[in-house]
Each structure stands twice: as structure tokens, then as C-alpha cells.
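Q: Here it is, the structure, as C-alpha cells.
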Amino acid sequence: MRIEGKGLIDRAHPVRFSFDGTSYGGYRGDTLASALLANGVRLMGRSFKYHRPRGPLTAGSEEPNALVEIHGKTNQTPNVRATVQEIFDGLEARSQNRLGSLKYDLLEVNDLLAPFFSAGFYYKTFMWPRAFWESVYEPMIRRAAGLGRLSGKHDEGAYEKAWAWCDLLVIGAGPAGLMAALTAARAGAQVILADETPILGGRLASDGGMIGGEPALVWAAAVEAELRSLPNVRIMTRTTITGAYDNGTYGALERVGLHRPAKANLPRECFWRIVARRAVLAAGAMERPVAFPDNDRPGIMLTSAVRTYLNRYGVVPGQRITIFDGSETGRALARELMAAGVQVAGIIDPRPDASSLEDCPVHLGAEVVGSRGRLGLSGITVRKGAETFEVETDCLAISGGWNPTLHLTCHMNGRPRWAEDLMAFVPMEGAVPGLVAAGAAAGRFSTHGALAGGQAAAQGALADLGFKVPDIALPEAEDAPCQPRALWAVAAEGRAWVDFANDVTTKDVRLAAQENYRSVEHMKRYTTQGMAPDQGKNSNVAALAVLADATGRSIPETGITTFRPPYVPVSIAAMGAGGRGAGFAPQRLMTSDQASRDRMAPMIEAGLWYRPSYFPKPGETTWKEACDREVMMVRNAVGVADVSTLGKIDIQGRDAARFLDLVYTNTFSTLPVGRVRYGLMLREDGMVLDDGTSARLGENHFLMTTTTAAAGLVMRHLDFVHQAFCADWDLRFISVTESWAQFAVAGPKARALLNSMLDAPLGDVPFMGLASVPVGGVEARLFRISFSGEEGYEIAVPTRYGEALFRDLLARAETMGGGPYGMEALNVLRIEKGFVTHAEIHGRVTAFDIGMAKIVSAKKDCIGKAASQRPGLSGPERQQLVGLRSFAPLTAGAHLFRPGAVIGQAADEGYSTSTCWSPTLNCWLALAFLTDGRARLGEQVRLVDHLRGKDVVCDVCDPVFLDPDGGRMRA
Amino acid sequence: MRLTCPLCGDRDRREFHYYGSDAYLDRPAEGAAPAAWDDYLHNRDNPAGLTKDLWYHEQGCAQWLVVTRNTVTHEVSAVELVAGRAGA
Amino acid sequence: MPELIAKEAWQGQAAVTRAGLVLAPLQDRPIWSVALFPGGADGAATALESLGLGFPEPNRWVSAAEVRLVWTGRAQAFLMGAEPPAGLAGHAAVTDQSGGWAGVSLSGPAGPEALARLVPVDLRPGSFPAGAAIRAPVNHMSAVILRTGPETVEVWVFRSMARTLWHELTEVLARFEARATVAG
Ligand SMILES: [Zn+2]
């Protein structure tokens with residue numbers, strides 16, 4: 001029911017929305033919960049386990065009951081708190097966790113079966129037959145016990161991630177937060193003021209009151225106006241600080257588009273990483289419910305929630321309201337309701353000695369011991385001394401005291417401290433470096449305490465940071481002493497809920513204690529208390545108080561479970577914002593990219609690079625046809641491939657050669673200028689890190705190439721070796737991968753092709769030689785190296801000429817019966833020659849294993865040399881690189897066995913790493929690692945691949961299948 | 001977590017690559033006994049308290065750093081350039 | 001003999017304006033890495049005098065006319081817009097990086113706020129003032145970032161990642177624009 005003249009909603013802007021298909025009206029500024037309550041709808045969900053009817057317990061983000069699904073055009077968001085979701089025109093909300101309708105949920109039967117569903121039921125009840133667990137019981141339980149559903153479709157919504165920096169982060173914009181922000185803002189500090197609601201003011205918007213002689217909200221509005229006028233202040237509403245992390249980093253979730261109709265490109269949410277030099281936690285406090293039998297009916301809610309609905313939203317959630325509250329806030333609510341013309345059917349005040357002077361019935365020394373009503377509250381049972389009586393009511397406000405909202409102070413392993421004088425846990429000072437709690441979050445519950453605490457916290461932070469602390473007179477405000485209360489549970493027969501969200505009752509907690517789960521951590525896991533989306537915000541303290549009672553210990557002795565981030569649920573989409581599709585990783589494109597795509601080459605990823613897989617010709621229907629053709633083209637004519645992705649590192653200095661001697665196993669100081677040498681690099685543990693070639697461009701100038709896959713890794717390694725072991729050497733190096741476009745030109749006609757385009761005919765460039773060659777007036781570098789086994793060159797030009805050179809090379813090659821070749825052909829060509837890639841040098845192989853022990857120089861030290869000589873890293877017990885041949889298809893990742901061996905791990909003798917069909921040799925080839933393999937050439941092994949259904953006997957041979965003497969390369 | 005790179009300043013952890021103990025800086029001399037290499041490569045302390053480890057400012061200045069931090073409190077008390085340390 | 005036509009990193013890419021921000025491709029220019037050898041600072045300084053430039057402090061860049069010297073690492077700077085003076089030989093390793101980098105400028109008062117979606121470093125003028133140049137990531141990409149005007153920031157990444165940079169920045173601007181239209 002809406003109360004005229006009350007609330008901060010915008011009555012000039014009516015809003016239409018729907019819930020479970022029924023259209024309702026509300027106003028801008030309403031939450032889904034306030035708007036439904038205004039329409040008389042109290043039933044908003046079904047409980048997790050027992051499917052009991054539920055309505056909102058709270059008016060904030062800690063809500064355990066009123067979880068709904070929000071349906072958009074492309075999104076379906078489950079478990080949205082109706083107390084947080086703002087309404088907008090066209091909002092479509094649906095109830096969840098029901099079978100049938102919300103009013104006639106068929107799974108309500110679970111409530112009747114409650115005796116079977118007590119804590120730990122799934123450990124006990126569904127044990128037999130064992131095979132039924134996965135197939136029958138678990139799916140059944142998941143169906144019945146649950147939350148909302150996902151659509152199963154891809155979430156096409158936009159999400160955002162962002163960074164922010166400030167001197168002072170103020171968490172919460174109630175009186176403490178506003179005062180802290182104002183103090184810091186006037187000092188000139190960079191301030192971020194974050195609040196999870198759409199407006200500033202915190203409880204002031206719910207409780208009213210006076211500050212500085214004027215209505216509290218007038219004061220808040222003046223502070224807000226000043227803050228908004230200052231360039232050093234950023235106000236972030238609808239933003240929840242979700243976590244406190246090391247060194248002043250805070251996570252925050254901003255609801256950007258969730259409160260309005262979907263709009264293209266508008267982020268639904270933004271996940272913020274806020275770096276703050278200091279922070280003030282002014283998050284207030286959360287009211288505690290009271291456990292009494294059937295305390296979970298729709299219509300029973302916290303006193304603070306009823307006050308918020310009344311004063312902030314102008315809504316009363318009932319017609320005859322009762323209040324079970326032993327504090328002055330309960331009395332204030334009663335007066336506000338009556339002033340608004342609402343009937344208060346009674347105040348049930350457990351205090352025997354409080355005032356009974358109210359304009360409504362007051363029952364002192366009384367407790368609520370039961371409730372009635374099928375889909376919502378219709379009456380309560382009150383016990384006073386020995387007598388009990390019924391009170392008709394459709395809304396009961398309850399309060400068991402307050403818990404400071406201290407969760408963030410526990411995010412870095414801090415534990416809260418029990419304050420007996422407050423009957424509450426309060427933050428441990430210094431638990432999060434740089435963060436100070438203020439106001440109710442620090443256990444100071446009066447408005448004056450909030451203002452003074454906020455100011456003091458900001459002043460402390462400012463002084464720490466070296467700002468001049470401004471002198472602001474503290475406005476006058478109420479400073480009522482805290483009335484500590486510890487009404488956790490009423491002693492009465494029946495199921496009394498502690499954790500509404502996970503359907504945990506006081507009985508469950510006592511059962512845990514009885515079954516010897518006496519530690520609070522064990523009780524939590526046994527009962528699942530605190531493990532629902534609200535993470536126990538409404539129930540942790542009460543549950544441990546019940547446990548303390550059941551085990552005869554005090555609350556501090558019992559302890560509390562750990563609060564961990566995130567403070568509220570954070571969608572994975574927000575945390576992964578920007579990381580989907582093209583945002584997943586940078587796409588590195590070669591200069592030849594467009595030319596390859598023009599030829600319809602499918603591109604494949606190689607690290608971050610995109611490389612052509614093959615270049616299909618008309619009539620070719622499979623990749624293999626194209627690949628076979630390209631291989632034979634290289635073997636018989638000439639092929640061109642872009643190899644710019646290889647890492648290229650320019651190394652200069654008088655100690656450059658010495659450095660290469662240190663990082664490579666073989667010697668480079670003896671390499672003549674103008675020559676290229678193959679080099680092998682080890683990790684310090686003796687395993688192969690990478691291989692490649694290095695060219696000596698000048699006495700003190702080398703160009704190193706790395707594999708594409710390990711380019712970054714090698715750079716990091718070189719930086720380490722340089723900075724750690726020889727920082728004072730005359731040595732500098734830098735990646736030039738991006739500065740040069742480099743193309744392999746390979747095949748018997750490679751030389752002819754080059755001669756047709758170079759400005760001057762190619763002189764005598766020996767195998768592993770290098771030359772500087774002008775092409776079209778551009779100075780190119782030519783390396784005579786081969787990864788195909790044919791006469792091969794790699795020609796490099798500055799990147800800007802890459803595309804032009806590539807297109808020119810292709811055009812010329814095609815006139816000679818050649819053309820481009822892709823990664824597939826490149827792979828076949830190198831397997832035929834037994835050249836290794838990171839499929840072979842995968843991090844667990846030594847130089848010995850790949851047959852390169854001889855290029856670990858005995859004459860000098862190098863990184864990894866000492867470790868490579870350890871026992872066990874060479875010898876017949878090692879799995880060594882061999883070739884396998886077969887006429888039947890082979891697969892990589894298959895395992896090798898002796899013919900006749902029992903297939904199993906014990907008989908495993910190795911594995912294959914690379915395979916291909918060789919169009920040159922007309923058989924299948926594989927590179928493989930085989931125990932004592934080099935001594936077994938000519939033998940046969942069985943290649944078994946259970947995943948792909950292969951079991952092939954093949955011949956063991958030298959890994960260099962083609963032209964073992966290298967005559968073709970050297971031609 | 002944040003680290004203050006001596007060159008680049010205060011930066012988020014994401015910019016850095018973690019390697020391991022600063023023991024990797026004490027490479028045994030050529031010909032050292034196998035036990036020295038075993039220590040160098042494999043044997044590490046796991047202190048509750050101050051520890052020194054190596055981080056690489058991969059997304060920044062490409063410098064290797066020795067970071068002194070407390071594994072209990074997470075406090076970072078010093079960040080030094082590997083290349084700038086005494087004797088390097 | 002072939003005619004090799006040079007292609008710029010941003011060939012054909014037009015500037016875009018969204019949400020009051022102008023994202024513009026920058027022309028390729030000579031870029032040389034100048035890495036001081038140990039003990040080479042004085043000799044290099046003398047050589048750089050011919051360009052009117054001193055070697056920049058960490059996280060800074062200096063310029064004379066159209067020529068810049070931008071700090072890019074320990075004892076390393078990028079000379080942008082000119083060929084390196086011959087006198088650097090022996091004092092510094094000089095390496096051609098021209099064409100290996102693609103740069104954009106982002107102009108407008110909200111530039112730092114937009115870049116805060118991708119760059120984990122505060123680029124507001126207070127902490128990233130005139131003359132500032134840093135190495136920092138742009139989402140997953142390594143970048144060199146410079147303040148080149150009161151409301152202008154330049155971002156340079158590896159040329160092969162130019163398309164990704166453009167994609168990421170335009171996506172940020174699209175989100176930014178959508179936010180601006182619903183603000184308030
Ligand atoms: Zn750095």
C-alpha cells in the first residue's frame with residue numbers, strides 16, 4: 001500500500017513492469033520489492049530447500065529471500081535481489097525455484113518432508129544404492145533445491161572493466177561516509193565516494209532525523225551538492241565495493257544498465273579496480289532477524305526494512321502491523337506508521353521494564369512464538385509469561401539488534417572482535433592496511449557517532465597522506481547510547497529459521513553440535529549455513545550464537561567464519577568484461593595477412609599470430625589436397641612462406657658474442673661475420689628452452705631468431721641472464737620482430753626466383769651464409785637457411801615493404817610453377833627433415849634426447865650445461881627422438897609399445913609428437929620419443945592411440961627421413 | 001597486489017611475471033659440485049615472514065626485480081633492480 | 001625489378017569521434033632505439049646535442065621541433081622522427097624500430113577516463129603530466145604511452161597489434177558514448 005506524501009520516489013514518473021506475467025505500476029525510484037509491496041504482493045519467492053513461500057526480509061543487498069529472474073531480450077539473469085533491482089518501463093521479472101506457479105509450487109511437498117531434509121540429509125539419506133547418486137538422487141536434488149535458471153544462451157550484453165585511483169575511498173554514503181568525503185574533499189584530496197544504492201544518505205533516507213537543526217536529508221543534499229561541485233570528488237552510486245585486496249586495491253561492481261531498458265553498447269555492469277591510498281569503511285550496519293517458529297512467512301521483515309519501505313519508498317507492507325522489537329527504533333517505527341495513518345496492532349517488546357506509553361497496544365516482557373498464514377502472514381502467537389495469545393497481523397517487524405557491516409575488514413585474513421558492550425562483532429583495527437571503519441560499521445550507532453567517526457577517519461587519512469586537515473564544525477545530531485541486545489532465538493517448539501537463504505533452522509545448528517560438529521567452520525559446512533548467495537550476512541552471528549548456546553561456550557570462544565570477497569555476488573561476465581571474442585587476446589597480423597586472405601587461405605593461430613593454414617586452389621576440396629600440392633611445389637619448384645612471426649632479437653656490443661656463448665650451448669664467438677649458425681638454448685635445469693639461428697651482422701652485432709612460440713619466453717630469459725649475471729657487460733639487445741617482414745623462399749627454383757627480382761644477381765651465398773641485397777631500391781637481408789630441406793633463403797625487408805614484397809614474390813613464384821605455402825605444408829616439410837619444433841622441445845627433453853648432445857660445447861660454460869650433465873639426463877634409459885614410418889595413418893600423442901607387449905602404463909616406451917602424410921615419401925611419418933630409440937633403428941614398435949582408435953605397427957628409423965646428408969639444402 | 005618498480009613506479013601486479021626465489025641470482029661457478037647445483041636449482045625455503053623473490057616487469061620496463069615481502073602480512077618492503085644490485 | 005610500395009601501419013584508417021573524444025591514427029615515422037652501453041651516457045649525450053635533445057629521465061620524453069626522445073626502459077629511449085646521429089656509435093646500441101610500431105592519439109577531456117578501461121595506470125594530468133612517457137599495458141598489449149598535450153595522449157603498440165588496439169579503443173568509446181547518453 002502506498003502512503004501519499006511519503007517516500008523519495010518520483011511520483012511524476014510512473015513505471016509499468018511485470019512480475020510472473022502480471023503487469024504492475026510503480027514509480028521511478030522504486031525497487032522491484034518496494035513496487036510489489038506497494039501493489040500488495042508479498043510473496044516473491046520460494047525457499048531453497050523446503051520451497052516455503054517467501055517475501056522480502058530486508059530492503060537491501062543482503063536480501064536472502066526475494067530472489068528473482070530478470071528476463072531481457074537477450075539476457076536472463078537469475079538470483080537478482082528484488083530489493084536491489086530498480087524498476088523501469090518494460091522490466092520483466094519472474095519468480096524462480098518453483099515447479100508450477102509461485103502460489104502453487106508442487107515442490108512445497110518438500111516442506112512436509114522436512115524431517116528427511118534436516119542438516120546433512122544428503123550425506124545420510126541418499127547413500128543407497130550407490131549408483132543412484134549420480135543418475136537419480138543428485139539431479140533430483142538439484143532440480144528441487146535451487147535458485148534461478150540461466151538461459152543457456154550466450155550473454156550478448158555489454159560489460160565493462162575499469163580502473164580508478166584516489167587518495168581516499170569512502171565506502172558508503174550515509175552520515176559517516178558523507179562526513180568523511182566532505183572532510184577529505186575540502187582538504188583537496190582525490191576522493192571516491194561509493195554507495196551501492198542510487199542515492200546518497202544511507203539510513204538517513206530511511207530513518208529521517210535531524211542534523212545541524214534541519215532535516216537530515218536536507219543536510220545530506222547540501223553535502224552532496226558541495227561534493228558534486230568539486231573536481232577532486234567522484235561519486236559512484238549503484239556501486240558496491242566487493243573486495244579489499246593487497247596494497248590498497250579494491251574491487252567494485254557498478255550497475256550501469258541493469259536499472260534501465262537495454263541499450264546498444266551500454267554496459268550492464270562495470271567491474272572497477274579502485275586503487276586507494278586510504279579508505280574509510282562507512283558501510284553502516286545490518287539488522288539481525290530473530291529466530292522463532294515460522295519466522296519466515298512473507299510479511300515478516302526487519303524493522304529497518306519496514307522503516308525503509310515506509311520512509312524511502314512511501315510503502316507500508318501491510319494494513320495491521322505488529323512490531324517485535326526491544327529498541328527505540330521499533331518505537332520510532334510505530335509512531336511513524338501511526339502518524340501515516342497505519343494501524344499498529346501491537347508492539348511486542350521483550351524488555352520487561354520499557355515504557356508502555358504508546359498510542360497502540362504494548363506487550364512488555366513478551367515474545368513472538370509462532371506465526372500463521374499460508375502464502376503470507378495473517379497472525380502471530382505472542383507469549384507473555386505463562387500466557388499466550390494471538391494477534392491478527394499481516395506484517396511483523398522484527399529486530400534482534402545490529403551487526404556492523406565489517407565484511408571488507410576481514411578480506412585480508414582479519415578477524416572481527418566481539419564487543420560485549422555492543423553484543424556485536426566489530427572490526428579489528430588495522431585488519432586491512434589503510435582502511436579504517438567509521439560510524440555504525442565501527443559499532444558507533446548514533447548519527448552523531450557516525451558524523452564524528454567519519455570525520456575522524458578522514459582526518460586520520462589526510463594526516464597520513466600529508467594533507468592539511470580542514471576544520472569543519474561537526475553538525476549537531478542525535479547521540480542516543482547504543483542499547484545492546486542479544487535476542488537471537490526465542491525458546492519455543494517448532495522450526496525457527498536462522499539462515500533464510502539456505503533454509504537452515506536453529507534445529508539444524510543444534511543437530512550439528514549434537515553430532516559433534518562443534519567448530520563454527522564444521523557447523524557451517526554441515527548445515528550449509530552462510531553458503532547461500534547472501535553469504536550468511538543475515539545469519540552468521542545468530543547461527544554461531546545458537547551454536548555457542550548448544551555447546552555451552554561463549555560467542556568469542558565459538559568464533560566466527562571468515563568473510564571473503566566478493567561482498568555481493570559478482571557476475572562472471574563483469575569480471576571477464578572485454579575478454580570475450582576479439583578481446584580475449586591481441587591478434588597479431590603479419591604484413592602478408594590481407595594477401596593471404598585474398599587467396600582464401602584459412603588462418604590459424606600460432607601464439608597470438610594468425611598464419612595461413614594453406615592456400616586452396618580451385619578444385620581442391622580438402623586441406624590435405626592443398627597441403628600435399630604445396631609440399632611437392634616446394635620440393636620440385638619454389639614456395640614462399642611468411643616467417644615474420646619468428647622472434648628476432650638484435651644484439652649489439654663488444655660482449656655480444658660472449659653473451660651468445662653463455663646462452664647457447666654451442667659457440668658463437670667463433671662465427672665469422674656474414675655467417676649464420678644454428679643454436680640450441682637450454683634452461684638452467686638442463687632442459688631445452690628453444691632453438692633457432694643467429695647471424696653475425698658485424699663484429700659486435702648479431703641477429704638472433706627464436707621460434708614463434710617461444711619468442712617472449714626467450715626475451716624474458718635473455719633479460720634475466722643479462723641483468724642477473726652480466727649487467728655490466730658491453731651488451732644491449734632489443735626485439736626487432738616487428739621491424740622486419742621475413743619470407744622463406746624455398747625449393748630448387750628459389751635462387752632463380754630471387755635473381756628475377758633482386759637489383760643485382762645473387763652472388764655466391766653459401767649455405768648458412770648471409771648477404772645484404774637491394775630489392776627495388778630497398779636494402780634487404782638475405783639469410784641462406786632452410787627449414788624445408790630444400791635450397792632455401794629467408795629474405796627480410798623493413799615491415800612497411802612486407803606486403804609489397806610478399807605479393808611480388810608470389811606473382812613471380814607462380815610463373816615458375818611455385819606459389820605460397822602455409823603452415824600445414826611447412827609442418828610436413830620440416831617433419832620430413834626431422835627438424836624439431838615445440839611439439840618436440842616441449843620442456844621435458846634434453847639436448848641428448850633430441851640427438852644434439854654434441855652441440856653442447858665441452859669448451860665453455862653455458863646456461864643449463866651443469867644440469868644437463870646430471871645422471872639420468874642422458875643414456876639408454878632416456879626416451880630419444882626417432883622417426884616412425886607406416887603406411888597406415890599415425891597420430892601425435894599416441895604411445896609406443898614393443899610388439900607383443902601388454903598395452904598399459906608399465907610397458908609404455910614413449911610417445912609420438914608430430915605426424916604427417918608425406919607426399920614426398922608416400923607414407924605416414926611421425927617424430928617420436930622412444931626409450932633408447934637411437935639404438936633401435938630398424939626395429940618395429942606399436943603405436944597405440946586409444947583416444948583416436950589407432951593401433952599401428954611402424955618402423956623405427958632416423959628422424960631425418962629425407963636427404964639425410966643435406967645435399968639438397970646445400971645445392 | 002601492487003609493486004613499486006624502481007623505474008616505472010607503483011604498478012598493478014598484472015604487469016609483472018613471477019619467477020621464484022632470489023636464490024636464482026646466486027649461480028654456482030662453472031665446475032661447482034653437483035650439490036651446489038642441486039641447491040641452486042631445487043632447494044628453497046618456505047618462510048612465514050620475509051622472503052625475497054624475483055619478478056619481471058614484463059608489461060613495463062622489462063627489468064627483473066628483487067622483491068622483499070612478507071608472506072604473512074603481504075607487506076612489500078623493498079623492490080630493487082636485479083641489474084642494479086651490488087656486485088652485478 | 002619490383003617496385004616495393006611502403007605501407008603505413010594505419011593505411012586507409014580514418015579518425016573517429018565519439019563521446020567527445022577523437023581517436024586518430026598517427027603517421028609512421030622513423031623510430032630508433034637508442035640503448036646506452038655501460039659508460040656510454042656522456043658520449044651519447046654529446047652526440048644527441050646535435051638534435052638538441054638530452055637523454056630523458058625515466059618516465060619522461062623530450063623533444064626539439066618534430067624530433068622526440070622517449071624513455072622506453074633502463075638506459076633506453078626511442079628516437080622518433082629523425083635518423084640517429086652517427087656519433088652515437090660505440091656509446092649506444094642503435095636499432096631501427098621504424099614501422100614496427102603503430103600509434104594513435106586520443107584527444108578530449110575524458111581521454112584518461114576512457115583509457116582507464118584498458119590501462120592500469122592513472123593517466124589523468126595530475127599523475128601523468130606534460131612530458132610523461134611510460135611503458136604500460138593496454139589490455140594485453142605492451143605499449144608506450146605519452147602525454148602530448150593537455151588533453152591528448154598517444155599510445156604506441158607493436159604494429160602487428162594495430163587492429164586489436166583500434167578495436168579495443170573503439171569498443172571503449174562506444175561504451176563511453178552509450179554511458180554519456182544515459183547519464184543523469
Ligand atoms: Zn618497470
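Letters A, B, ... mark the chains of the C-alpha cells in the order given; residue numbers begin at 1 per chain; ligand numbers begin at 1, in order shown.
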Report as an NGL selection string all protein, DNA and RNA residues lying within 10 Å of region 122-137 of chain C, evaluated on only C-alpha atoms, omitting residues in the same chain fewer than 5 positions from it.

A: (:A and (163-166 or 275)) or (:B and (7-9 or 11 or 14-15 or 57-62)) or (:C and (56-63 or 70-73 or 109-116 or 142-157))

Q: Among the residues of region 3-172 of chain C, find those DSSP assigns to strand (DSSP E) from the backbone and print them as a VMD selection string.

A: chain C and resid 16 to 18 21 to 25 31 to 36 61 to 64 67 to 73 76 to 80 92 to 96 101 to 107 133 to 138 141 to 149 152 to 158

Q: Would you mind exporting C-alpha atoms of the selected residues as a short mmCIF file (atom, residue, chain, number, x, y, z; two decimals), in the first residue's frame?

A:
```cif
data_model
loop_
_atom_site.label_atom_id
_atom_site.label_comp_id
_atom_site.auth_asym_id
_atom_site.auth_seq_id
_atom_site.Cartn_x
_atom_site.Cartn_y
_atom_site.Cartn_z
CA VAL C 16 36.74 8.60 -35.39
CA THR C 17 34.99 10.92 -32.97
CA ARG C 18 32.76 9.51 -30.29
CA LEU C 21 36.84 12.02 -27.94
CA VAL C 22 38.86 11.93 -31.13
CA LEU C 23 40.74 8.74 -31.89
CA ALA C 24 43.20 9.35 -34.69
CA PRO C 25 45.81 7.12 -36.33
CA ILE C 31 61.82 5.23 -34.77
CA TRP C 32 65.22 4.17 -33.49
CA SER C 33 66.02 2.52 -30.23
CA VAL C 34 68.98 4.18 -28.53
CA ALA C 35 70.29 1.93 -25.75
CA LEU C 36 73.22 3.30 -23.80
CA TRP C 61 60.13 12.32 -23.03
CA VAL C 62 61.86 15.33 -24.50
CA SER C 63 61.54 16.97 -27.89
CA ALA C 64 63.08 19.50 -30.19
CA VAL C 67 62.04 15.10 -33.04
CA ARG C 68 61.42 13.26 -29.79
CA LEU C 69 63.46 11.14 -27.47
CA VAL C 70 61.13 8.95 -25.43
CA TRP C 71 62.20 6.90 -22.41
CA THR C 72 61.33 3.25 -23.01
CA GLY C 73 63.37 1.34 -20.45
CA GLN C 76 66.92 3.02 -23.36
CA ALA C 77 64.98 5.61 -25.33
CA PHE C 78 63.22 5.76 -28.68
CA LEU C 79 64.31 8.47 -31.06
CA MET C 80 61.20 9.35 -33.03
CA ALA C 92 74.79 3.30 -27.58
CA ALA C 93 73.28 0.39 -29.45
CA VAL C 94 71.18 1.93 -32.17
CA THR C 95 68.44 -0.24 -33.65
CA ASP C 96 65.88 0.56 -36.30
CA TRP C 101 55.13 0.39 -34.02
CA ALA C 102 51.65 1.73 -34.64
CA GLY C 103 50.49 4.82 -32.78
CA VAL C 104 47.19 6.53 -32.14
CA SER C 105 46.28 9.72 -30.39
CA LEU C 106 43.25 10.09 -28.18
CA SER C 107 42.13 13.65 -27.59
CA ALA C 133 56.03 8.74 -21.15
CA ILE C 134 55.58 5.27 -19.71
CA ARG C 135 55.71 1.62 -20.60
CA ALA C 136 52.40 0.07 -19.62
CA PRO C 137 49.91 -2.49 -20.88
CA VAL C 138 46.86 -1.60 -22.94
CA MET C 141 49.32 -5.36 -25.23
CA SER C 142 52.62 -3.78 -24.24
CA ALA C 143 52.59 -0.11 -25.09
CA VAL C 144 54.47 3.15 -24.95
CA ILE C 145 52.14 5.90 -23.74
CA LEU C 146 52.93 9.61 -23.93
CA ARG C 147 51.14 12.77 -22.93
CA THR C 148 51.47 15.04 -25.95
CA GLY C 149 49.02 17.77 -24.98
CA THR C 152 45.95 14.41 -25.75
CA VAL C 153 47.60 11.08 -25.09
CA GLU C 154 49.45 8.93 -27.61
CA VAL C 155 49.51 5.15 -27.46
CA TRP C 156 52.04 3.08 -29.42
CA VAL C 157 51.87 -0.69 -29.72
CA PHE C 158 53.54 -3.31 -31.91
#
```

Q: Return the single residue from C:Gln13, C:Ile5, C:Leu51, C:Arg74 that is closest to ligand 1, with distances computed using only C-alpha atoms and all ligand atoms.

A: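 Looking only at the distances to ligand 1, the closest residue turns out to be C:Arg74.
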
Q: Per DSSP on the backbone, what are the alpha helix (DSSP H) residues of region 21-79 of chain B, as a PyMOL selection string?

A: chain B and resi 34-42

Q: Given the selection you just returned, output its residues as a file containing N, CA, C and O atoms, formatted as a PDB file, in the first residue's frame.

A:
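Done, and the output landed in again-v3.pdb:
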```pdb
ATOM      1  N   PRO B  34      77.921 -30.989  -7.723  1.00  0.00           N
ATOM      2  CA  PRO B  34      76.502 -31.223  -8.014  1.00  0.00           C
ATOM      3  C   PRO B  34      75.591 -30.744  -6.890  1.00  0.00           C
ATOM      4  O   PRO B  34      74.495 -30.245  -7.148  1.00  0.00           O
ATOM      5  N   ALA B  35      76.056 -30.870  -5.636  1.00  0.00           N
ATOM      6  CA  ALA B  35      75.211 -30.451  -4.514  1.00  0.00           C
ATOM      7  C   ALA B  35      74.922 -28.951  -4.592  1.00  0.00           C
ATOM      8  O   ALA B  35      73.821 -28.500  -4.248  1.00  0.00           O
ATOM      9  N   ALA B  36      75.907 -28.178  -5.053  1.00  0.00           N
ATOM     10  CA  ALA B  36      75.697 -26.731  -5.175  1.00  0.00           C
ATOM     11  C   ALA B  36      74.628 -26.444  -6.234  1.00  0.00           C
ATOM     12  O   ALA B  36      73.771 -25.585  -6.065  1.00  0.00           O
ATOM     13  N   TRP B  37      74.685 -27.200  -7.330  1.00  0.00           N
ATOM     14  CA  TRP B  37      73.672 -27.030  -8.375  1.00  0.00           C
ATOM     15  C   TRP B  37      72.308 -27.494  -7.902  1.00  0.00           C
ATOM     16  O   TRP B  37      71.291 -26.891  -8.229  1.00  0.00           O
ATOM     17  N   ASP B  38      72.308 -28.555  -7.120  1.00  0.00           N
ATOM     18  CA  ASP B  38      71.043 -29.056  -6.582  1.00  0.00           C
ATOM     19  C   ASP B  38      70.396 -27.984  -5.713  1.00  0.00           C
ATOM     20  O   ASP B  38      69.205 -27.674  -5.854  1.00  0.00           O
ATOM     21  N   ASP B  39      71.208 -27.376  -4.841  1.00  0.00           N
ATOM     22  CA  ASP B  39      70.697 -26.296  -4.000  1.00  0.00           C
ATOM     23  C   ASP B  39      70.176 -25.147  -4.855  1.00  0.00           C
ATOM     24  O   ASP B  39      69.102 -24.615  -4.630  1.00  0.00           O
ATOM     25  N   TYR B  40      70.978 -24.784  -5.829  1.00  0.00           N
ATOM     26  CA  TYR B  40      70.648 -23.626  -6.665  1.00  0.00           C
ATOM     27  C   TYR B  40      69.337 -23.843  -7.417  1.00  0.00           C
ATOM     28  O   TYR B  40      68.493 -22.954  -7.494  1.00  0.00           O
ATOM     29  N   LEU B  41      69.178 -25.047  -7.943  1.00  0.00           N
ATOM     30  CA  LEU B  41      68.026 -25.302  -8.803  1.00  0.00           C
ATOM     31  C   LEU B  41      66.765 -25.683  -8.030  1.00  0.00           C
ATOM     32  O   LEU B  41      65.657 -25.347  -8.448  1.00  0.00           O
ATOM     33  N   HIS B  42      66.968 -26.404  -6.924  1.00  0.00           N
ATOM     34  CA  HIS B  42      65.790 -27.060  -6.352  1.00  0.00           C
ATOM     35  C   HIS B  42      65.446 -26.711  -4.919  1.00  0.00           C
ATOM     36  O   HIS B  42      64.276 -26.762  -4.557  1.00  0.00           O
TER      37      HIS B  42
END
```

Q: Record the distance separating CA of Val902 (chain A) and CA of Gly883 (chain A), expressed in Å with one decimal.

A: 22.8 Å
